[in-house]
$ cat final.cif   # mmCIF, C-alpha atoms
data_start
#
loop_
_atom_site.label_atom_id
_atom_site.label_comp_id
_atom_site.auth_asym_id
_atom_site.auth_seq_id
_atom_site.Cartn_x
_atom_site.Cartn_y
_atom_site.Cartn_z
CA MET A 30 8.62 36.62 -1.39
CA ASN A 31 5.30 38.08 -2.29
CA ARG A 32 4.66 41.21 -4.34
CA ASP A 33 3.67 43.45 -1.39
CA ARG A 34 6.83 42.63 0.46
CA LYS A 35 8.98 43.50 -2.56
CA ILE A 36 7.24 46.84 -2.94
CA LEU A 37 7.75 47.62 0.75
CA LEU A 38 11.46 46.73 0.51
CA ILE A 39 11.88 48.96 -2.53
CA ILE A 40 10.11 51.82 -0.74
CA LEU A 41 12.27 51.23 2.34
CA PHE A 42 15.42 51.22 0.18
CA PHE A 43 14.58 54.54 -1.50
CA THR A 44 13.51 56.05 1.83
CA VAL A 45 16.85 55.14 3.40
CA ILE A 46 18.78 56.48 0.38
CA SER A 47 16.85 59.77 0.36
CA SER A 48 17.23 60.14 4.14
CA LEU A 49 20.97 59.60 3.91
CA SER A 50 21.18 62.08 1.03
CA PHE A 51 19.33 64.76 3.00
CA LEU A 52 21.47 64.04 6.04
CA ASN A 53 24.62 64.33 3.92
CA ILE A 54 23.40 67.63 2.40
CA PHE A 55 22.63 68.98 5.89
CA ILE A 56 26.08 68.00 7.22
CA LEU A 57 27.85 69.47 4.17
CA LYS A 58 25.87 72.69 4.52
CA GLU A 59 26.89 72.97 8.17
CA ARG A 60 30.54 72.32 7.32
CA ARG A 61 30.43 74.88 4.52
CA SER A 62 28.94 77.56 6.76
CA HIS A 63 31.48 76.74 9.48
CA THR A 64 34.34 77.02 6.95
CA LEU A 65 33.02 80.31 5.59
CA ASN A 66 32.77 81.69 9.12
CA ARG A 67 36.35 80.68 9.84
CA LEU A 68 37.49 82.23 6.54
CA THR A 69 35.76 85.49 7.46
CA VAL A 70 37.52 85.53 10.84
CA VAL A 71 40.89 84.88 9.19
CA GLU A 72 40.30 87.68 6.65
CA LYS A 73 39.37 90.13 9.41
CA ASN A 74 42.46 89.22 11.42
CA TYR A 75 44.61 89.62 8.32
CA GLU A 76 43.14 93.06 7.66
CA LYS A 77 43.78 94.04 11.29
CA LEU A 78 47.45 93.21 10.74
CA GLY A 79 47.53 95.67 7.85
CA GLY A 80 47.25 93.26 4.96
CA THR A 81 44.86 93.68 2.10
CA ILE A 82 43.05 90.79 0.54
CA ARG A 83 43.18 90.76 -3.22
CA ARG A 84 41.23 88.35 -5.34
CA VAL A 85 43.28 87.25 -8.32
CA PRO A 86 41.36 87.04 -11.61
CA GLU A 87 41.28 83.69 -13.42
CA ASP A 88 43.01 85.18 -16.50
CA GLU A 89 45.95 86.26 -14.40
CA ILE A 90 46.19 82.83 -12.76
CA ARG A 91 46.12 81.15 -16.17
CA PHE A 92 48.80 83.55 -17.47
CA LEU A 93 51.03 82.84 -14.47
CA LYS A 94 50.62 79.08 -14.91
CA GLU A 95 51.67 79.44 -18.56
CA GLN A 96 54.72 81.45 -17.49
CA ILE A 97 55.67 78.74 -15.00
CA GLU A 98 55.48 76.14 -17.78
CA VAL A 99 57.73 78.31 -19.98
CA GLU A 100 60.22 78.59 -17.13
CA LYS A 101 60.14 74.83 -16.54
CA GLY A 102 60.99 74.35 -20.21
CA ARG A 103 64.23 76.27 -19.77
CA PHE A 104 65.60 73.74 -17.32
CA PHE A 105 67.12 70.42 -18.29
CA SER A 106 65.43 67.16 -17.35
CA GLU A 107 67.05 64.01 -15.97
CA GLU A 108 66.56 62.28 -19.33
CA GLU A 109 68.57 64.97 -21.16
CA MET A 110 71.63 64.50 -18.98
CA ASP A 111 74.54 63.04 -20.92
CA PRO A 112 77.85 64.46 -19.66
CA TYR A 113 79.84 63.16 -22.62
CA LYS A 114 77.52 64.69 -25.21
CA PHE A 115 77.24 67.89 -23.16
CA GLY A 116 81.04 68.22 -22.93
CA LEU A 117 81.43 67.76 -26.69
CA GLU A 118 78.71 70.31 -27.34
CA ILE A 119 80.34 72.96 -25.14
CA LYS A 120 83.75 72.12 -26.55
CA GLY A 121 82.39 72.62 -30.09
CA LEU A 122 80.88 75.98 -29.14
CA LEU A 123 84.20 77.14 -27.69
CA GLU A 124 86.16 75.99 -30.75
CA ASN A 125 83.65 77.71 -33.07
CA ARG A 126 84.42 80.96 -31.23
CA SER A 127 88.19 80.49 -31.77
CA MET A 128 88.88 79.65 -28.15
CA THR A 129 91.86 77.42 -27.37
CA ILE A 130 90.95 74.68 -24.91
CA ILE A 131 93.84 74.07 -22.55
CA SER A 132 92.06 71.36 -20.58
CA TYR A 133 88.66 69.98 -19.79
CA LYS A 134 87.45 67.27 -17.47
CA THR A 135 84.23 65.82 -16.13
CA ILE A 136 83.51 66.27 -12.43
CA GLU A 137 80.79 64.43 -10.53
CA LEU A 138 79.60 66.06 -7.31
CA GLU A 139 76.63 64.63 -5.43
CA ASP A 140 74.82 63.32 -8.53
CA ILE A 141 75.62 66.49 -10.48
CA TYR A 142 77.86 66.34 -13.51
CA LEU A 143 80.02 69.35 -14.29
CA ILE A 144 82.51 69.94 -17.06
CA GLU A 145 85.55 72.03 -16.12
CA PHE A 146 87.17 73.96 -18.94
CA THR A 147 90.32 76.04 -19.02
CA VAL A 148 90.40 78.16 -22.16
CA THR A 149 92.35 81.04 -23.68
CA GLY A 150 91.56 83.33 -26.56
CA SER A 151 90.11 86.66 -27.47
CA SER A 152 87.65 88.30 -25.13
CA THR A 153 85.14 88.80 -27.95
CA GLY A 154 85.24 85.10 -28.79
CA PHE A 155 84.64 84.14 -25.17
CA PHE A 156 81.77 86.56 -24.72
CA ARG A 157 80.24 85.40 -28.01
CA PHE A 158 80.35 81.89 -26.55
CA LEU A 159 78.49 83.11 -23.45
CA LYS A 160 76.00 84.99 -25.66
CA THR A 161 75.36 81.79 -27.62
CA LEU A 162 74.55 79.98 -24.38
CA TYR A 163 72.27 82.84 -23.36
CA ASP A 164 70.47 82.86 -26.73
CA ARG A 165 69.53 79.20 -26.31
CA GLN A 166 67.23 80.28 -23.47
CA LEU A 167 68.24 77.29 -21.38
CA TYR A 168 69.57 77.51 -17.86
CA TYR A 169 73.12 76.35 -17.26
CA HIS A 170 74.81 75.90 -13.91
CA PHE A 171 78.12 77.78 -13.40
CA PRO A 172 79.30 76.99 -9.85
CA TYR A 173 82.82 78.20 -10.63
CA PHE A 174 83.79 80.93 -13.08
CA SER A 175 87.01 82.92 -13.32
CA ILE A 176 88.34 85.20 -16.02
CA LYS A 177 91.86 86.53 -16.13
CA ASN A 178 92.99 89.35 -18.39
CA GLU A 179 96.08 88.33 -20.34
CA LYS A 180 98.36 90.35 -22.60
CA TYR A 181 96.68 89.13 -25.82
CA GLY A 182 93.19 88.19 -24.67
CA ILE A 183 91.80 86.35 -21.71
CA SER A 184 92.10 83.04 -19.98
CA SER A 185 89.18 81.50 -18.17
CA THR A 186 88.49 78.52 -16.01
CA PHE A 187 84.88 77.62 -15.47
CA ARG A 188 82.67 74.74 -14.54
CA ILE A 189 79.44 74.32 -16.40
CA GLY A 190 76.62 71.89 -15.90
CA TYR A 191 72.95 71.29 -16.35
CA SER A 192 70.46 73.36 -14.40
CA LEU A 193 67.78 70.88 -13.38
CA TYR A 194 64.20 71.60 -12.46
CA GLU A 195 63.49 70.17 -9.02
#
$ encode --input "final.cif" --output "structure tokens"
Amino acid sequence: MNRDRKILLIILFFTVISSLSFLNIFILKERRSHTLNRLTVVEKNYEKLGGTIRRVPEDEIRFLKEQIEVEKGRFFSEEEMDPYKFGLEIKGLLENRSMTIISYKTIELEDIYLIEFTVTGSSTGFFRFLKTLYDRQLYYHFPYFSIKNEKYGISSTFRIGYSLYE
């Protein structure tokens, strides 16, 4: 291949690349203008329905994303699930609050592990137990919870489990 032919091929190559680039820019510009027109029509229709369009500042979006991450941290993950360890932990908290554990058992419902406790003791001890759970800032699942006032305190039956982030 001679030198002139190589130069012509290189010029042809760059001409084709630049033509395709300009064509691509033209098509993207048309799509962008079409999208902006459609967005304007949607905004006008929304305003006709009585809605107001509010642009949310980036700082507020960032703040809300941080709050979502904090909330996610309060849920348990699949890796943290250990029903045996969880049951012993709750049992220890109840015993530390001078609650008498009448019975407890593990219940598995549709891939969810719950621990059912029946306890008796003073009402202050039981509510201190609940306050301890609350102070941990983790979410627990209580699908069943009953408290009965007894002559010398309370008796309670409750099921407690992990609250998972889905």
$ residues_around --input "final.cif" --residues "Arg157 in chain A" --least-positions-apart "5" --cutoff "9 Å" --atoms "all atoms listed in the file" --output "short mmCIF file (atom, residue, chain, number, x, y, z; two decimals) with C-alpha atoms, in the coordinates of the input"
data_model
loop_
_atom_site.label_atom_id
_atom_site.label_comp_id
_atom_site.auth_asym_id
_atom_site.auth_seq_id
_atom_site.Cartn_x
_atom_site.Cartn_y
_atom_site.Cartn_z
CA ARG A 126 84.42 80.96 -31.23
CA SER A 152 87.65 88.30 -25.13
CA LEU A 162 74.55 79.98 -24.38
#
$ closest_residue --input "final.cif" --among "A:Thr161, A:Ile54, A:Leu41, A:Val71" --to "Glu118 in chain A" --atoms "all atoms listed in the file"
A:Thr161
$ atom_distance --input "final.cif" --atom1 "CA of Asp140 in chain A" --atom2 "CA of Phe187 in chain A"
18.8 Å
$ closest_residue --input "final.cif" --among "A:Ser184, A:Leu68, A:Tyr168, A:Phe92" --to "Ser132 in chain A" --atoms "all atoms listed in the file"
A:Ser184
$ axis_aligned_box --input "final.cif" --around "range 186-193 of chain A" --padding-each-side "6 Å" --output "AutoDock Vina command-line options"
--center_x 78.1 --center_y 74.7 --center_z -14.9 --size_x 32.7 --size_y 19.6 --size_z 15.0
$ atom_distance --input "final.cif" --atom1 "CA of Phe146 in chain A" --atom2 "CA of Thr186 in chain A"
5.6 Å
$ residues_near_point --input "final.cif" --point "(87.6, 80.2, -26.1)" --cutoff "12 Å" --atoms "all atoms listed in the file" --output "ChimeraX atom specification"
/A:119-132,146-159,176,182-187
$ resolve_selection --input "final.cif" --expression "the PyMOL selection byres ((chain A and resi 101-107) around 7)" --output "list in words"
Ile97, Glu98, Val99, Glu100, Glu108, Glu109, Met110, Gln166, Leu167, Tyr168, Tyr191, Ser192, Leu193 and Tyr194 of chain A
$ atom_distance --input "final.cif" --atom1 "CA of Tyr133 in chain A" --atom2 "CA of Tyr113 in chain A"
11.5 Å
